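K.L.:
Okay, here's the structure, questions in a sec.
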Amino acid sequence: MLEIKNLHVKVAGKEILKGIDLSIGPGEVHAVMGPNGSGKTTLAQVLAGRLTYEVTGGTARFEGKDLLAMKPEDRAREGVFMAFQYPVEIPGVSNAYFLKAALNAIRKYRGLEEIDAMDFMSLVQDKAKLLGLDETFMKRGLNEGFSGGEKKKNEVFQMAVLEPKFCILDETDSGLDIDALRLVANGVNTMRSPKRSMLVVTHYQRLLDYVIPEFVHVLVDGRIVKSGDADLARNLEKHGYGWIVEEAPRPQPARA
Amino acid sequence: MAVALDAKQTYVAEFASAETDRSGPSWLRGIRRSAIERFDALGFPTQRHEEWKFTNLAPLLRVPFKPPILGGPDGVVAEKLEPFAFGILKTTRLVFVNGRYAPRLSYLRPLPEGVRIASLAEVLRQDPGSLEKDLTRFARFQEDSFVALNTAFFIDGAYVDVPKNAVVDEPIHLVFVSTARDRPTVAYPRNLIRLGAGSQATVIETYAGWAPEVTFTNAVTEIVAGPASVLEHYKIQRESEAAFHVATMTVDQDRNSSVSCHSMSFGGALVRNYVHTLFRAEGGSVALNGLFMPSGAQQSDHYTRIDHAAPACTSLELYRGILGGKSRGVFNGNIYVRKDAQKTVARQVNKNLLLSKEAFVDSTPGLEILADDVKCSHASTIGQLDENAVFYLRSRGIDEENARHILTYAFASDVVNQVKVAPIRIKLDQLILSRLPKGAEVGETL
């Protein structure tokens, strides 16, 4: 579903990703873990299409198409969704308005008719219940005055409504108390299917207790230095990142 | 300078040649003469005047405006006014075409006893004594050239008089149409709105016109809010982008009165709004809520002055500008807290959104505080759309153009949400969306 090859990315002139290779098949859940500053969020953002990030080398193909050449909105319409680490507050645009605009933009791209108002309401109510969001929340401004937990729930809620093929979760567990974490994880798990893949970016293992990945990759200094299964995540939780950083191959000096 | 001088002489000469047309009671004729003399002495303001620093009047002064040719509503028919109504909202409606009452386009809804809504000219003919005390008392021509011109030349306007404790539920809609069929035309609407003690009313002033007619509207509205009265006032500026518009509004507030003034400015080549409110007794509150949205080559200038002359009054001012194209915007807010005005609460916020690199806004918030026990603040921002927010919307499948429109609309919503009358709010939403290049598409999903 997603093939990343030798991806290099610069942010503000500084190389952050230094050659990422990652292959994610249909239905697979991959976790990318790593210490702060290792490039996890850069990877998530560059796949979603953040424009301030400069791809200096490599490719990312989504279902055979050149993902990096697409505008952010087209990536979303093709079925890529990123749950933001820091969702933006937009007063004056209600959650309902925003979500309907997004859903219809995606439907239009796929040659579908705009969703009927009644169908939209019942869709939204079902998904909101799943995440324990109350009804008034749809009328509130987009993320306006939401607590950290509410914002994260809203991200997963949007994901549930938009039904992407490929979900990127960027530090979705940060700032969640245990009850919210369970609800969010449950929302994510409900969406797992043989046709939908996920990339879970996280510093801590705790989300992975609930959303159990098939593959775990450890990112250090812009490179994947170790890959394994869910046990690797548990090891990291127990022993920290230190041992992997020690083991990681030193960057080779550039050849003249 | 020569332009200003020539223009001045033209207006002064016009007064001399046509004074009989503005006849009225002798007290008013005397005031008109003083006003034109004062105008002659003042001349038009230039950018050397602090209050006009950012607005160049030359484009207005270059046009040889003439008073409208006397007669009927000059081709304005009811259908042309439909876009200026507010959906299902039932209102009393008074229409003025080029500053003259158009009875055929106007209608009164049932009103509480004693409420008087009429043409000012009619009241001047039939009952001038009822106007002598207040007409021209608040909008002082001594200091303002445009008020002086209006005072010298006005023919008609709206008179709204709500007696003690009367509550007018339905809004009163005053529509001022400017039209110029074959030559640039000037009109001087003059309004007097009086609320008796404990009374309540909602008044909407709509200024309408159609391109490419070149018109100049110089309007003055005097509002007198009696003790504990409640007024919701809306001024919606929807003249064409070929129109010139200078409007002065004065609000005189007695004890415990509560006034909200919403100023929504969309049309006009050159627009200047001056709002001056005065707390003459304690316990009053005023909300000045403004949105200006120029695009193309429009100039939109908003000057407000809130005079806290009495203790324990509250003023909340919220103005937002959204500027596109090569437009120019000005916000100049002045709050005076006089020495005895203890326990004053005054908050002023002006936020501006620039949609183009060539748009420009001058924001000058101002507070002058002579009392010591007050809570006052002011803030001003000028910025572009938040690119993080644009990316957030795009990452959900919304195209870039639409994302920008949605965020622009959201920027205006703060002001629009202050509007309590739902049909007016809906209308304003539509107007804002229609000003966005692809507004209709944003609207579809509302």
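Labels used: A, B, ... for chains in the order of the structure tokens, numbers from 1 for residues in each chain, and numbers from 1 for ligands as shown.
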If you run DSSP on the backbone here, which positions in region 196-253 of chain A get alpha helix (DSSP H)? Please write them as a list in words.

P.N.:
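These are the residues in question: Ala230, Asp231, Leu232, Ala233, Arg234, Asn235, Leu236, Glu237, Lys238, His239, Gly242, Trp243, Ile244, Val245, Glu246 and Glu247 of chain A.
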
K.L.:
Take the residues from that selection and put them in a file with C-alpha atoms, as a compact mmCIF listing (two decimals), in the first residue's frame.

P.N.:
```
# COMPACT_ATOMS: atom_id res chain seq x y z
CA ALA A 230 5.41 -5.83 19.12
CA ASP A 231 8.00 -7.29 21.52
CA LEU A 232 10.49 -4.68 20.37
CA ALA A 233 8.17 -1.97 21.66
CA ARG A 234 7.94 -3.71 25.05
CA ASN A 235 11.70 -3.95 25.21
CA LEU A 236 12.00 -0.25 24.54
CA GLU A 237 9.53 0.49 27.30
CA LYS A 238 11.60 -1.59 29.71
CA HIS A 239 15.09 -0.53 28.68
CA GLY A 242 19.75 4.08 25.07
CA TRP A 243 20.80 0.57 24.08
CA ILE A 244 19.52 1.00 20.54
CA VAL A 245 21.18 4.36 20.11
CA GLU A 246 24.43 2.70 21.21
CA GLU A 247 23.95 -0.13 18.74
```

K.L.:
Can you work out which residues from chain B touch chain A at a cut-off of 10 Å (counting only C-alpha atoms) and hand them back as a PDB file with C-alpha atoms, in the first residue's frame?

P.N.:
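Result went into result-v1.pdb, see below:
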```
ATOM      1  CA  ASP B 386      -2.647  30.917   9.701  1.00  0.00           C
ATOM      2  CA  GLU B 387      -0.823  28.509   7.375  1.00  0.00           C
ATOM      3  CA  ASN B 388      -1.066  25.748   9.967  1.00  0.00           C
ATOM      4  CA  ALA B 389      -4.825  26.060   9.825  1.00  0.00           C
ATOM      5  CA  VAL B 390      -4.756  26.057   6.015  1.00  0.00           C
ATOM      6  CA  PHE B 391      -2.726  22.852   6.083  1.00  0.00           C
ATOM      7  CA  TYR B 392      -5.051  21.284   8.634  1.00  0.00           C
ATOM      8  CA  LEU B 393      -8.064  21.832   6.397  1.00  0.00           C
ATOM      9  CA  ARG B 394      -6.214  20.689   3.274  1.00  0.00           C
ATOM     10  CA  SER B 395      -5.046  17.537   5.030  1.00  0.00           C
ATOM     11  CA  ARG B 396      -8.725  16.650   5.354  1.00  0.00           C
ATOM     12  CA  GLY B 397      -9.391  16.912   1.621  1.00  0.00           C
ATOM     13  CA  ILE B 398     -10.522  20.544   1.386  1.00  0.00           C
ATOM     14  CA  ASP B 399      -8.793  22.304  -1.497  1.00  0.00           C
ATOM     15  CA  GLU B 400      -6.527  25.212  -0.782  1.00  0.00           C
ATOM     16  CA  ASN B 402     -11.736  26.686  -0.150  1.00  0.00           C
ATOM     17  CA  ALA B 403      -9.624  26.274   2.951  1.00  0.00           C
ATOM     18  CA  ILE B 406     -13.443  28.965   5.163  1.00  0.00           C
ATOM     19  CA  LEU B 407     -10.785  30.526   7.382  1.00  0.00           C
ATOM     20  CA  THR B 408     -11.589  34.016   6.133  1.00  0.00           C
ATOM     21  CA  TYR B 409     -15.225  33.446   6.872  1.00  0.00           C
ATOM     22  CA  ALA B 410     -14.287  32.150  10.307  1.00  0.00           C
ATOM     23  CA  PHE B 411     -12.313  35.325  10.970  1.00  0.00           C
ATOM     24  CA  ALA B 412     -15.454  37.383  10.432  1.00  0.00           C
ATOM     25  CA  SER B 413     -17.612  35.136  12.559  1.00  0.00           C
ATOM     26  CA  ASP B 414     -16.544  36.733  15.812  1.00  0.00           C
ATOM     27  CA  VAL B 416     -21.207  38.256  13.078  1.00  0.00           C
ATOM     28  CA  ASN B 417     -21.916  36.163  16.154  1.00  0.00           C
ATOM     29  CA  GLU B 441     -19.068  26.877  -2.852  1.00  0.00           C
ATOM     30  CA  VAL B 442     -18.280  27.488   0.782  1.00  0.00           C
ATOM     31  CA  GLY B 443     -21.939  28.268   1.335  1.00  0.00           C
ATOM     32  CA  GLU B 444     -23.185  24.987  -0.076  1.00  0.00           C
ATOM     33  CA  THR B 445     -21.921  23.037   2.850  1.00  0.00           C
ATOM     34  CA  LEU B 446     -22.945  25.524   5.533  1.00  0.00           C
TER      35      LEU B 446
END
```

K.L.:
Identify, on the basis of only C-alpha atoms, every residue whose closest approach to Phe166 (chain A) does not exceed 6 Å; exclude the query and any residue fewer than 4 positions from it along the same chain; express the result as a list in words.

P.N.:
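Contacts, with the query itself left out: Val80, Arg196, Ser197 and Met198 of chain A.
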
K.L.:
For the selection just defined, write its residues with C-alpha atoms to a file, as a compact mmCIF listing (two decimals), in the first residue's frame.

P.N.:
```
# COMPACT_ATOMS: atom_id res chain seq x y z
CA VAL A 80 -4.34 9.25 3.45
CA ARG A 196 -6.76 -0.33 5.92
CA SER A 197 -3.17 0.24 7.01
CA MET A 198 -1.82 2.35 9.82
```

K.L.:
Near region 17-33 of chain B, within 8 Å and counting only C-alpha atoms, which residues show up once chain neighbours fewer than 2 positions away are dropped, as a list of chain:residue names?

P.N.:
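Those residues are B:Ala13, B:Glu14, B:Phe15, B:Ala35, B:Ile36, B:Glu37, B:Leu124, B:Arg125, B:Pro128, B:Glu132, B:Thr151, B:Ala152, B:Phe153, B:Phe154, B:Ile155.
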
K.L.:
Give me the residues within 10 Å of Ala243 (chain B) as a ChimeraX atom specification, counting only C-alpha atoms and dropping any in the same chain fewer than 2 places off.

P.N.:
/B:60,178-179,184-185,208-217,238-241,245,267-271,298

K.L.:
Save out the residues we just selected, N, CA and C atoms, as a PDB file, in the first residue's frame.

P.N.:
```
ATOM      1  N   LEU B  60     -12.846  61.858  -4.018  1.00  0.00           N
ATOM      2  CA  LEU B  60     -14.204  62.336  -3.753  1.00  0.00           C
ATOM      3  C   LEU B  60     -14.368  63.782  -4.212  1.00  0.00           C
ATOM      4  N   SER B 178     -28.977  55.210  -2.959  1.00  0.00           N
ATOM      5  CA  SER B 178     -28.321  56.263  -3.731  1.00  0.00           C
ATOM      6  C   SER B 178     -28.332  55.851  -5.188  1.00  0.00           C
ATOM      7  N   THR B 179     -28.816  56.760  -6.037  1.00  0.00           N
ATOM      8  CA  THR B 179     -28.860  56.431  -7.447  1.00  0.00           C
ATOM      9  C   THR B 179     -28.531  57.680  -8.247  1.00  0.00           C
ATOM     10  N   PRO B 184     -23.217  62.413 -11.555  1.00  0.00           N
ATOM     11  CA  PRO B 184     -22.897  62.065 -10.164  1.00  0.00           C
ATOM     12  C   PRO B 184     -23.802  62.832  -9.199  1.00  0.00           C
ATOM     13  N   THR B 185     -24.368  62.108  -8.249  1.00  0.00           N
ATOM     14  CA  THR B 185     -25.406  62.687  -7.399  1.00  0.00           C
ATOM     15  C   THR B 185     -25.019  62.580  -5.932  1.00  0.00           C
ATOM     16  N   ALA B 208     -27.824  51.460   0.132  1.00  0.00           N
ATOM     17  CA  ALA B 208     -27.874  50.636  -1.076  1.00  0.00           C
ATOM     18  C   ALA B 208     -27.569  51.470  -2.307  1.00  0.00           C
ATOM     19  N   GLY B 209     -27.035  50.816  -3.305  1.00  0.00           N
ATOM     20  CA  GLY B 209     -26.770  51.483  -4.578  1.00  0.00           C
ATOM     21  C   GLY B 209     -26.256  50.472  -5.577  1.00  0.00           C
ATOM     22  N   TRP B 210     -26.178  50.889  -6.820  1.00  0.00           N
ATOM     23  CA  TRP B 210     -25.794  49.943  -7.862  1.00  0.00           C
ATOM     24  C   TRP B 210     -24.710  50.541  -8.759  1.00  0.00           C
ATOM     25  N   ALA B 211     -23.722  49.727  -9.074  1.00  0.00           N
ATOM     26  CA  ALA B 211     -22.703  50.166 -10.024  1.00  0.00           C
ATOM     27  C   ALA B 211     -23.359  50.273 -11.403  1.00  0.00           C
ATOM     28  N   PRO B 212     -22.867  51.091 -12.286  1.00  0.00           N
ATOM     29  CA  PRO B 212     -21.681  51.948 -12.131  1.00  0.00           C
ATOM     30  C   PRO B 212     -22.047  53.372 -11.707  1.00  0.00           C
ATOM     31  N   GLU B 213     -23.220  53.535 -11.103  1.00  0.00           N
ATOM     32  CA  GLU B 213     -23.671  54.889 -10.771  1.00  0.00           C
ATOM     33  C   GLU B 213     -22.748  55.505  -9.720  1.00  0.00           C
ATOM     34  N   VAL B 214     -22.328  56.724 -10.001  1.00  0.00           N
ATOM     35  CA  VAL B 214     -21.402  57.402  -9.090  1.00  0.00           C
ATOM     36  C   VAL B 214     -22.210  58.293  -8.139  1.00  0.00           C
ATOM     37  N   THR B 215     -22.218  57.913  -6.885  1.00  0.00           N
ATOM     38  CA  THR B 215     -23.032  58.635  -5.904  1.00  0.00           C
ATOM     39  C   THR B 215     -22.172  59.003  -4.699  1.00  0.00           C
ATOM     40  N   PHE B 216     -22.644  59.995  -4.009  1.00  0.00           N
ATOM     41  CA  PHE B 216     -21.996  60.402  -2.761  1.00  0.00           C
ATOM     42  C   PHE B 216     -23.081  60.523  -1.701  1.00  0.00           C
ATOM     43  N   THR B 217     -22.953  59.697  -0.680  1.00  0.00           N
ATOM     44  CA  THR B 217     -23.890  59.756   0.435  1.00  0.00           C
ATOM     45  C   THR B 217     -23.164  60.348   1.629  1.00  0.00           C
ATOM     46  N   ARG B 238     -23.955  48.833   1.768  1.00  0.00           N
ATOM     47  CA  ARG B 238     -23.924  47.961   0.583  1.00  0.00           C
ATOM     48  C   ARG B 238     -24.069  48.763  -0.697  1.00  0.00           C
ATOM     49  N   GLU B 239     -23.519  49.954  -0.698  1.00  0.00           N
ATOM     50  CA  GLU B 239     -23.535  50.719  -1.939  1.00  0.00           C
ATOM     51  C   GLU B 239     -22.563  50.092  -2.935  1.00  0.00           C
ATOM     52  N   SER B 240     -22.597  50.603  -4.160  1.00  0.00           N
ATOM     53  CA  SER B 240     -21.757  49.989  -5.196  1.00  0.00           C
ATOM     54  C   SER B 240     -20.294  50.384  -5.000  1.00  0.00           C
ATOM     55  N   GLU B 241     -19.440  49.708  -5.700  1.00  0.00           N
ATOM     56  CA  GLU B 241     -18.015  50.008  -5.570  1.00  0.00           C
ATOM     57  C   GLU B 241     -17.619  51.267  -6.322  1.00  0.00           C
ATOM     58  N   HIS B 245     -19.023  57.357   0.362  1.00  0.00           N
ATOM     59  CA  HIS B 245     -19.917  57.270   1.514  1.00  0.00           C
ATOM     60  C   HIS B 245     -19.207  57.821   2.749  1.00  0.00           C
ATOM     61  N   GLY B 267     -19.671  47.809   0.695  1.00  0.00           N
ATOM     62  CA  GLY B 267     -19.590  48.519  -0.579  1.00  0.00           C
ATOM     63  C   GLY B 267     -18.765  49.796  -0.488  1.00  0.00           C
ATOM     64  N   GLY B 268     -18.796  50.548  -1.615  1.00  0.00           N
ATOM     65  CA  GLY B 268     -18.188  51.864  -1.616  1.00  0.00           C
ATOM     66  C   GLY B 268     -16.775  51.901  -2.152  1.00  0.00           C
ATOM     67  N   ALA B 269     -16.480  52.919  -2.972  1.00  0.00           N
ATOM     68  CA  ALA B 269     -15.109  53.149  -3.424  1.00  0.00           C
ATOM     69  C   ALA B 269     -14.315  53.744  -2.279  1.00  0.00           C
ATOM     70  N   LEU B 270     -14.957  54.694  -1.597  1.00  0.00           N
ATOM     71  CA  LEU B 270     -14.320  55.363  -0.467  1.00  0.00           C
ATOM     72  C   LEU B 270     -15.383  55.493   0.626  1.00  0.00           C
ATOM     73  N   VAL B 271     -15.119  54.864   1.742  1.00  0.00           N
ATOM     74  CA  VAL B 271     -16.087  54.862   2.839  1.00  0.00           C
ATOM     75  C   VAL B 271     -15.420  55.407   4.090  1.00  0.00           C
ATOM     76  N   GLN B 298     -11.006  49.443  -3.104  1.00  0.00           N
ATOM     77  CA  GLN B 298     -11.847  50.125  -2.109  1.00  0.00           C
ATOM     78  C   GLN B 298     -11.023  50.673  -0.945  1.00  0.00           C
TER      79      GLN B 298
END
```

K.L.:
Can you tell me which residues surround Ala44 (chain A) at a distance of at most 8 Å, considering only C-alpha atoms, apart from same-chain residues fewer than 4 positions away, and format the answer as a list in words?

P.N.:
Lys40, Ala48, Met82, Ile168, Leu169, Asp170 and Val201 of chain A

K.L.:
Output C-alpha atoms of each residue in that selection to a file, as a compact mmCIF listing (two decimals), in the first residue's frame.

P.N.:
```txt
# COMPACT_ATOMS: atom_id res chain seq x y z
CA LYS A 40 9.11 10.71 13.80
CA ALA A 48 0.52 14.11 4.93
CA MET A 82 -3.00 12.02 9.56
CA ILE A 168 -1.06 8.10 10.29
CA LEU A 169 -1.33 8.62 14.04
CA ASP A 170 1.16 11.24 15.18
CA VAL A 201 4.13 7.29 15.50
```

K.L.:
How would you write, as a PyMOL selection string, the set of residues in region 98-171 of chain B that DSSP gives as strand (DSSP E or B)?

P.N.:
chain B and resi 100-101+107+116-119+158-162+167

K.L.:
Between CA of Gly196 (chain B) and CA of Tyr101 (chain B), what distance in Å does the model show, to one decimal?

P.N.:
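Separation of CA of Gly196 (chain B) and CA of Tyr101 (chain B): 24.5 Å.
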
K.L.:
As an exercise, work out the distance from CA of Asn332 (chain B) to CA of Met264 (chain B) in Å and give it to one decimal place.

P.N.:
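Result for CA of Asn332 (chain B) versus CA of Met264 (chain B): 15.8 Å, one decimal.
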
K.L.:
What does the distance from CA of Lys8 (chain B) to CA of Gly43 (chain B) come to in Å, to one decimal?

P.N.:
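Spanning CA of Lys8 (chain B) to CA of Gly43 (chain B) is a straight-line distance of 6.0 Å.
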
K.L.:
List the spatial neighbours of Arg137 (chain B) as a PyMOL selection string - criterion: any atom at most 12 Å away, only C-alpha atoms, same-chain residues fewer than 5 positions off excluded.

P.N.:
chain B and resi 28+31+131-132+142+147+151+192+220-224+250-252

K.L.:
Compare A:Val161, A:Leu176, A:Ile4, A:Met33 by their minimum atom-to-atom distance to Ile20 (chain A), counting only C-alpha atoms, and give me the closest one.

P.N.:
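Once distances to Ile20 (chain A) are computed over only C-alpha atoms, the minimum belongs to A:Ile4.
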